[in-house]
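What follows is a set of notes on a single structure, which appears directly below.
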There are 2 protein chains.
Amino acid sequence: MDKSQSKITPVILSGGSGTRLWPMSRQEKPKQLLSLTEERTMLQLTALRAADDALFDAPFVVANADHAEIIVEQLAAVGVESPHIILEPFGRNTAPAIALAAVAADPSAILLVMPSDHVITDLQAFHDAIFRAAPLVADGWLVTFGIQPDGPETGYGYIRLGADQAAGVHAVDAFVEKPDAARAEAMLAEGGYAWNAGIFAFRADAYLGALERFQPDMLRAVRTCMDKALRQDNIIRPDPDCFADSPSDSIDYAVMERAERVACVPVTMGWSDVGSWDSLHDISVKDDDGNVLRGNILALGTKGCLVHSDGPRIALVDVDDLIVVATHGDIMILRRGDSQKVRSITEALKRK
Amino acid sequence: MDKSQSKITPVILSGGSGTRLWPMSRQEKPKQLLSLTEERTMLQLTALRAADDALFDAPFVVANADHAEIIVEQLAAVGVESPHIILEPFGRNTAPAIALAAVAADPSAILLVMPSDHVITDLQAFHDAIFRAAPLVADGWLVTFGIQPDGPETGYGYIRLGADQAAGVHAVDAFVEKPDAARAEAMLAEGGYAWNAGIFAFRADAYLGALERFQPDMLRAVRTCMDKALRQDNIIRPDPDCFADSPSDSIDYAVMERAERVACVPVTMGWSDVGSWDSLHDISVKDDDGNVLRGNILALGTKGCLVHSDGPRIALVDVDDLIVVATHGDIMILRRGDSQKVRSITEALKRK
């Protein structure tokens, strides 16, 4: 889409719960609504990434109904005016969430689907990738943006890149499930793979056409619940009973892995899904001692720590490589490198 | 004092601030008013140590005026009825504090002076020591109870034991200031020394007589401020202006090191002054992993930690040998063995 073409419509998915960033991220205020990497929240940063009104129309934000108020507040606070906010009565995974926006948008609208909780530090690279995808998107292709791997990550799905369709745009040969370590190493060594980051571009009608073919029940449920939606100002509340009829599935399984004319634009843009406290430490600017400190923190002789507090003052002396997070009356302490163990805490607390 | 003699009058000193147990211990609620070793507070444990009314009269508690209410509450909660509470308008160290009680008490009363923030686990040994001291106390001696050293501690003053005055009761040869490590080792090797724990027994008139001789200004100021004291129920408020005239000094410097007829009863009674978080870990009952956990704590794979919270829930995974204390909107984290570094925190916070 060169700049003379119609503008792009951002679709921001804010349905996740980000449990791996417990205790900061919780059902009532998940990761995307938090300030983790800077003063602005992940949602605000996402919206601002597609806020240049020479290029972008007002976004659709598909979110948990419980977060309506805070989402409106956060977007207004960074000058994102008149977003269309579609409030899911409950989560049905990404395929129906995107369908809600695709049904609400103009059929010819070019949708840029973005999770609301990722970091992208090289905005120009992101925009360039979007422009590279433009001609195929206009032609009805479903495009995914693939992250150039910089390690044998086992936490992401991979995309095997096929033949060039245009400069820097590949047909997708295959989607590969989250691999084990050996398989991840092999793909990295072989080359020609990208991480699936869940960022997509397509025309609304192209997506709905694919749903019609592969997920007719989903499309029917989504169309019906949007027909019966309550609308007030820019807020759309799909009918819960009809939305409940939709199967729950990810866009990857429901559509991308089945459709033809699926392309991938590999891009290096300082991307991170901030998938854990360790990942947050990795991507954050550190002080001279390798610490990342947010909140009221006194760190004496402390090295390599991530310390986040949104309330209590935390004083540390001569401790190394800890992750300490204090919020909501909870304090979590574990070693850096162990942040996957957050799950053992949340599971133990559930059992209690 | 055999049991047929007059009862003993406990004098509990509650003027300290216990800053080494920051952030739990603070000016407004110092160490002695906290539950550190069990559900009961240090003050309650101290009072209960001398609450057998076959042996003890109602205690005098000399305390900071700011703590009047909480002291009355805490004592009532463990059934210590009608304590005499003397509220210092400000601290003047131990010699004047004890003098306030000695002036208020019957001149022939036998006073048992106890800091309010120590642990004594062997109550029988303590009582036995008191009985051993009885004849000399009745005869006008000033008696101090010395702790049998179990290591070359540099944090306490030492007492060099002199000739036996009675079974298990020694004249005091000398008081030794807090030693350096080499001197402490030497005293331990030589034997015949005890730690000065600040626990004393004497007749009120013997103490006042010593003050008259060595600290006439102190005695005059204390007598005057008690003459002008406000008294309501069992609460005595010495006149602040007159109390301000008293020199500030410890009983050791002001009296014990100068007086003749000073005796020491060495005793092994599971004593600790709980002088630091490390010391609290040392004396506490530990779980199978060497942890001491108080409050709402979830410890997974955690070893050798002391974790105290009086509010927030603390979750730890696979960390070892940490001291974590959460209270009052403050969280402190340091390594076990480093608890003397609490001071570097409180000093850094002051500078801020």
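In the structure tokens, chains take the letters A, B, ... in the order shown, each chain's residues start at 1, and ligands count up from 1 in the order shown.
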
At a cut-off of 7 Å, can you tabulate as JSON lines every residue of chain B near chain A together with its closest atom pair and the distance in Å to one decimal, using only C-alpha atoms and ordering rows by chain then number?
```
{"residue": "B:Pro312", "atom": "CA", "partner": "A:Gly329", "partner_atom": "CA", "distance": 4.5}
{"residue": "B:Arg313", "atom": "CA", "partner": "A:Asp330", "partner_atom": "CA", "distance": 4.8}
{"residue": "B:Ile314", "atom": "CA", "partner": "A:Ile331", "partner_atom": "CA", "distance": 4.6}
{"residue": "B:Ala315", "atom": "CA", "partner": "A:Met332", "partner_atom": "CA", "distance": 4.8}
{"residue": "B:Leu316", "atom": "CA", "partner": "A:Ile333", "partner_atom": "CA", "distance": 4.8}
{"residue": "B:Val317", "atom": "CA", "partner": "A:Leu334", "partner_atom": "CA", "distance": 5.2}
{"residue": "B:Asp318", "atom": "CA", "partner": "A:Leu334", "partner_atom": "CA", "distance": 6.5}
{"residue": "B:Val319", "atom": "CA", "partner": "A:Leu334", "partner_atom": "CA", "distance": 6.2}
{"residue": "B:Gly329", "atom": "CA", "partner": "A:Pro312", "partner_atom": "CA", "distance": 4.5}
{"residue": "B:Asp330", "atom": "CA", "partner": "A:Arg313", "partner_atom": "CA", "distance": 4.8}
{"residue": "B:Ile331", "atom": "CA", "partner": "A:Ile314", "partner_atom": "CA", "distance": 4.6}
{"residue": "B:Met332", "atom": "CA", "partner": "A:Ala315", "partner_atom": "CA", "distance": 4.8}
{"residue": "B:Ile333", "atom": "CA", "partner": "A:Leu316", "partner_atom": "CA", "distance": 4.8}
{"residue": "B:Leu334", "atom": "CA", "partner": "A:Val317", "partner_atom": "CA", "distance": 5.2}
{"residue": "B:Arg335", "atom": "CA", "partner": "A:Val319", "partner_atom": "CA", "distance": 6.6}
{"residue": "B:Ile345", "atom": "CA", "partner": "A:Ala315", "partner_atom": "CA", "distance": 6.9}
```

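Once range 204-220 of chain A and its same-chain neighbours fewer than 6 positions away are set aside, Pro96, Ala99, Ala102, Val103, Ala105, Asp106, Pro107, Ser108, Ala109, Ile110, Leu111, Gly140, Trp141, Leu142, Asp245, Ser246, Pro247, Ala254, Val255, Arg258 and Ala259 of chain A remain within 8 Å of it when counting only C-alpha atoms.
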
* Asked: Which parts of range 44-113 of chain A does DSSP call strand (DSSP E) when run on the backbone here, written out as JSON, numbers by chain?
  -> {"A": [60, 61, 62, 63, 64, 84, 85, 86, 87, 88, 110, 111, 112, 113]}

Write a file of the selected residues as a CSV table (one decimal), in the first residue's frame, keeping C-alpha atoms.
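Here's the written file part-v6.csv:
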```csv
chain,number,residue,atom,x,y,z
A,60,PHE,CA,-10.4,-1.2,16.3
A,61,VAL,CA,-9.5,-2.4,19.8
A,62,VAL,CA,-11.0,-5.9,20.6
A,63,ALA,CA,-10.9,-6.3,24.3
A,64,ASN,CA,-12.3,-7.9,27.4
A,84,HIS,CA,-13.7,1.7,17.9
A,85,ILE,CA,-13.8,-0.5,20.9
A,86,ILE,CA,-15.3,-4.0,20.5
A,87,LEU,CA,-15.9,-5.6,23.9
A,88,GLU,CA,-15.9,-9.3,24.0
A,110,ILE,CA,-6.9,-3.1,5.0
A,111,LEU,CA,-6.6,-4.5,8.5
A,112,LEU,CA,-3.3,-4.5,10.4
A,113,VAL,CA,-3.8,-7.0,13.3
```

* Could you pull the residues within 8 Å of range 162-176 of chain A, counting only C-alpha atoms, minus those fewer than 5 positions along the same chain, as a list in words? -> Arg132, Ala133, Gly157, Glu257, Arg261, Val262, Ala263, Cys264, Val265 and Pro266 of chain A

Write a file of the selected residues as a PDB file, in the first residue's frame, keeping all heavy atoms.
```
ATOM      1  N   ARG A 132       6.023  -3.106   2.227  1.00  0.00           N
ATOM      2  CA  ARG A 132       6.427  -4.214   1.345  1.00  0.00           C
ATOM      3  C   ARG A 132       5.269  -5.185   1.123  1.00  0.00           C
ATOM      4  O   ARG A 132       5.151  -5.791   0.064  1.00  0.00           O
ATOM      5  CB  ARG A 132       7.598  -4.996   1.975  1.00  0.00           C
ATOM      6  CG  ARG A 132       8.963  -4.363   1.769  1.00  0.00           C
ATOM      7  CD  ARG A 132      10.096  -5.394   1.837  1.00  0.00           C
ATOM      8  NE  ARG A 132      10.204  -6.084   3.125  1.00  0.00           N
ATOM      9  CZ  ARG A 132      10.685  -5.522   4.242  1.00  0.00           C
ATOM     10  NH1 ARG A 132      11.080  -4.248   4.249  1.00  0.00           N
ATOM     11  NH2 ARG A 132      10.770  -6.239   5.344  1.00  0.00           N
ATOM     12  N   ALA A 133       4.449  -5.339   2.141  1.00  0.00           N
ATOM     13  CA  ALA A 133       3.338  -6.293   2.038  1.00  0.00           C
ATOM     14  C   ALA A 133       2.181  -5.745   1.208  1.00  0.00           C
ATOM     15  O   ALA A 133       1.334  -6.505   0.722  1.00  0.00           O
ATOM     16  CB  ALA A 133       2.840  -6.639   3.445  1.00  0.00           C
ATOM     17  N   GLY A 157       5.907 -20.291  17.605  1.00  0.00           N
ATOM     18  CA  GLY A 157       5.750 -21.034  16.367  1.00  0.00           C
ATOM     19  C   GLY A 157       6.691 -20.453  15.318  1.00  0.00           C
ATOM     20  O   GLY A 157       7.119 -19.298  15.422  1.00  0.00           O
ATOM     21  N   GLU A 257      -3.148 -21.489   8.546  1.00  0.00           N
ATOM     22  CA  GLU A 257      -2.546 -22.764   8.154  1.00  0.00           C
ATOM     23  C   GLU A 257      -3.350 -23.475   7.064  1.00  0.00           C
ATOM     24  O   GLU A 257      -2.899 -24.481   6.515  1.00  0.00           O
ATOM     25  CB  GLU A 257      -2.414 -23.678   9.389  1.00  0.00           C
ATOM     26  CG  GLU A 257      -1.500 -23.072  10.432  1.00  0.00           C
ATOM     27  CD  GLU A 257      -1.197 -24.003  11.598  1.00  0.00           C
ATOM     28  OE1 GLU A 257      -1.567 -25.188  11.518  1.00  0.00           O
ATOM     29  OE2 GLU A 257      -0.596 -23.507  12.576  1.00  0.00           O
ATOM     30  N   ARG A 261      -2.552 -18.564  -0.733  1.00  0.00           N
ATOM     31  CA  ARG A 261      -2.181 -17.151  -0.878  1.00  0.00           C
ATOM     32  C   ARG A 261      -1.896 -16.525   0.511  1.00  0.00           C
ATOM     33  O   ARG A 261      -2.467 -15.497   0.876  1.00  0.00           O
ATOM     34  CB  ARG A 261      -3.263 -16.378  -1.630  1.00  0.00           C
ATOM     35  CG  ARG A 261      -3.582 -17.007  -3.003  1.00  0.00           C
ATOM     36  CD  ARG A 261      -4.616 -16.185  -3.749  1.00  0.00           C
ATOM     37  NE  ARG A 261      -4.014 -15.037  -4.415  1.00  0.00           N
ATOM     38  CZ  ARG A 261      -4.649 -13.875  -4.624  1.00  0.00           C
ATOM     39  NH1 ARG A 261      -5.872 -13.692  -4.172  1.00  0.00           N
ATOM     40  NH2 ARG A 261      -4.048 -12.898  -5.275  1.00  0.00           N
ATOM     41  N   VAL A 262      -1.058 -17.226   1.234  1.00  0.00           N
ATOM     42  CA  VAL A 262      -0.593 -16.726   2.534  1.00  0.00           C
ATOM     43  C   VAL A 262       0.882 -16.345   2.386  1.00  0.00           C
ATOM     44  O   VAL A 262       1.690 -17.167   1.940  1.00  0.00           O
ATOM     45  CB  VAL A 262      -0.758 -17.779   3.642  1.00  0.00           C
ATOM     46  CG1 VAL A 262      -0.147 -17.294   4.940  1.00  0.00           C
ATOM     47  CG2 VAL A 262      -2.235 -18.113   3.829  1.00  0.00           C
ATOM     48  N   ALA A 263       1.212 -15.107   2.745  1.00  0.00           N
ATOM     49  CA  ALA A 263       2.589 -14.634   2.586  1.00  0.00           C
ATOM     50  C   ALA A 263       3.172 -14.221   3.925  1.00  0.00           C
ATOM     51  O   ALA A 263       2.443 -13.973   4.892  1.00  0.00           O
ATOM     52  CB  ALA A 263       2.629 -13.456   1.618  1.00  0.00           C
ATOM     53  N   CYS A 264       4.508 -14.168   3.953  1.00  0.00           N
ATOM     54  CA  CYS A 264       5.195 -13.727   5.173  1.00  0.00           C
ATOM     55  C   CYS A 264       6.232 -12.673   4.804  1.00  0.00           C
ATOM     56  O   CYS A 264       6.985 -12.836   3.840  1.00  0.00           O
ATOM     57  CB  CYS A 264       5.870 -14.915   5.851  1.00  0.00           C
ATOM     58  SG  CYS A 264       6.804 -14.437   7.322  1.00  0.00           S
ATOM     59  N   VAL A 265       6.239 -11.597   5.571  1.00  0.00           N
ATOM     60  CA  VAL A 265       7.271 -10.573   5.415  1.00  0.00           C
ATOM     61  C   VAL A 265       8.219 -10.703   6.608  1.00  0.00           C
ATOM     62  O   VAL A 265       7.845 -10.348   7.726  1.00  0.00           O
ATOM     63  CB  VAL A 265       6.668  -9.152   5.387  1.00  0.00           C
ATOM     64  CG1 VAL A 265       7.763  -8.118   5.193  1.00  0.00           C
ATOM     65  CG2 VAL A 265       5.616  -9.041   4.306  1.00  0.00           C
ATOM     66  N   PRO A 266       9.402 -11.251   6.392  1.00  0.00           N
ATOM     67  CA  PRO A 266      10.338 -11.327   7.519  1.00  0.00           C
ATOM     68  C   PRO A 266      10.853  -9.933   7.848  1.00  0.00           C
ATOM     69  O   PRO A 266      11.111  -9.146   6.936  1.00  0.00           O
ATOM     70  CB  PRO A 266      11.479 -12.208   7.008  1.00  0.00           C
ATOM     71  CG  PRO A 266      11.063 -12.680   5.652  1.00  0.00           C
ATOM     72  CD  PRO A 266       9.984 -11.788   5.157  1.00  0.00           C
TER      73      PRO A 266
END
```

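Taking CA of Asp233 in chain B and CA of Ala58 in chain B as the two end points, the separation is 13.8 Å.
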
* Asked: Suppose you want the space between CA of Ala197 in chain B and CA of Gly146 in chain B; what is it in Å?
  -> 6.2 Å

* Neighbour list for Leu75 in chain A as a ChimeraX atom specification, cut-off 9 Å, only C-alpha atoms, skip fewer than 4 positions in-chain -> /A:43-44,47-48,70-71,79-83

* To do: To one decimal in Å, tell me the separation between CA of Asp289 in chain B and CA of Asp321 in chain B.
  =>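 These atoms are spaced 10.4 Å apart.
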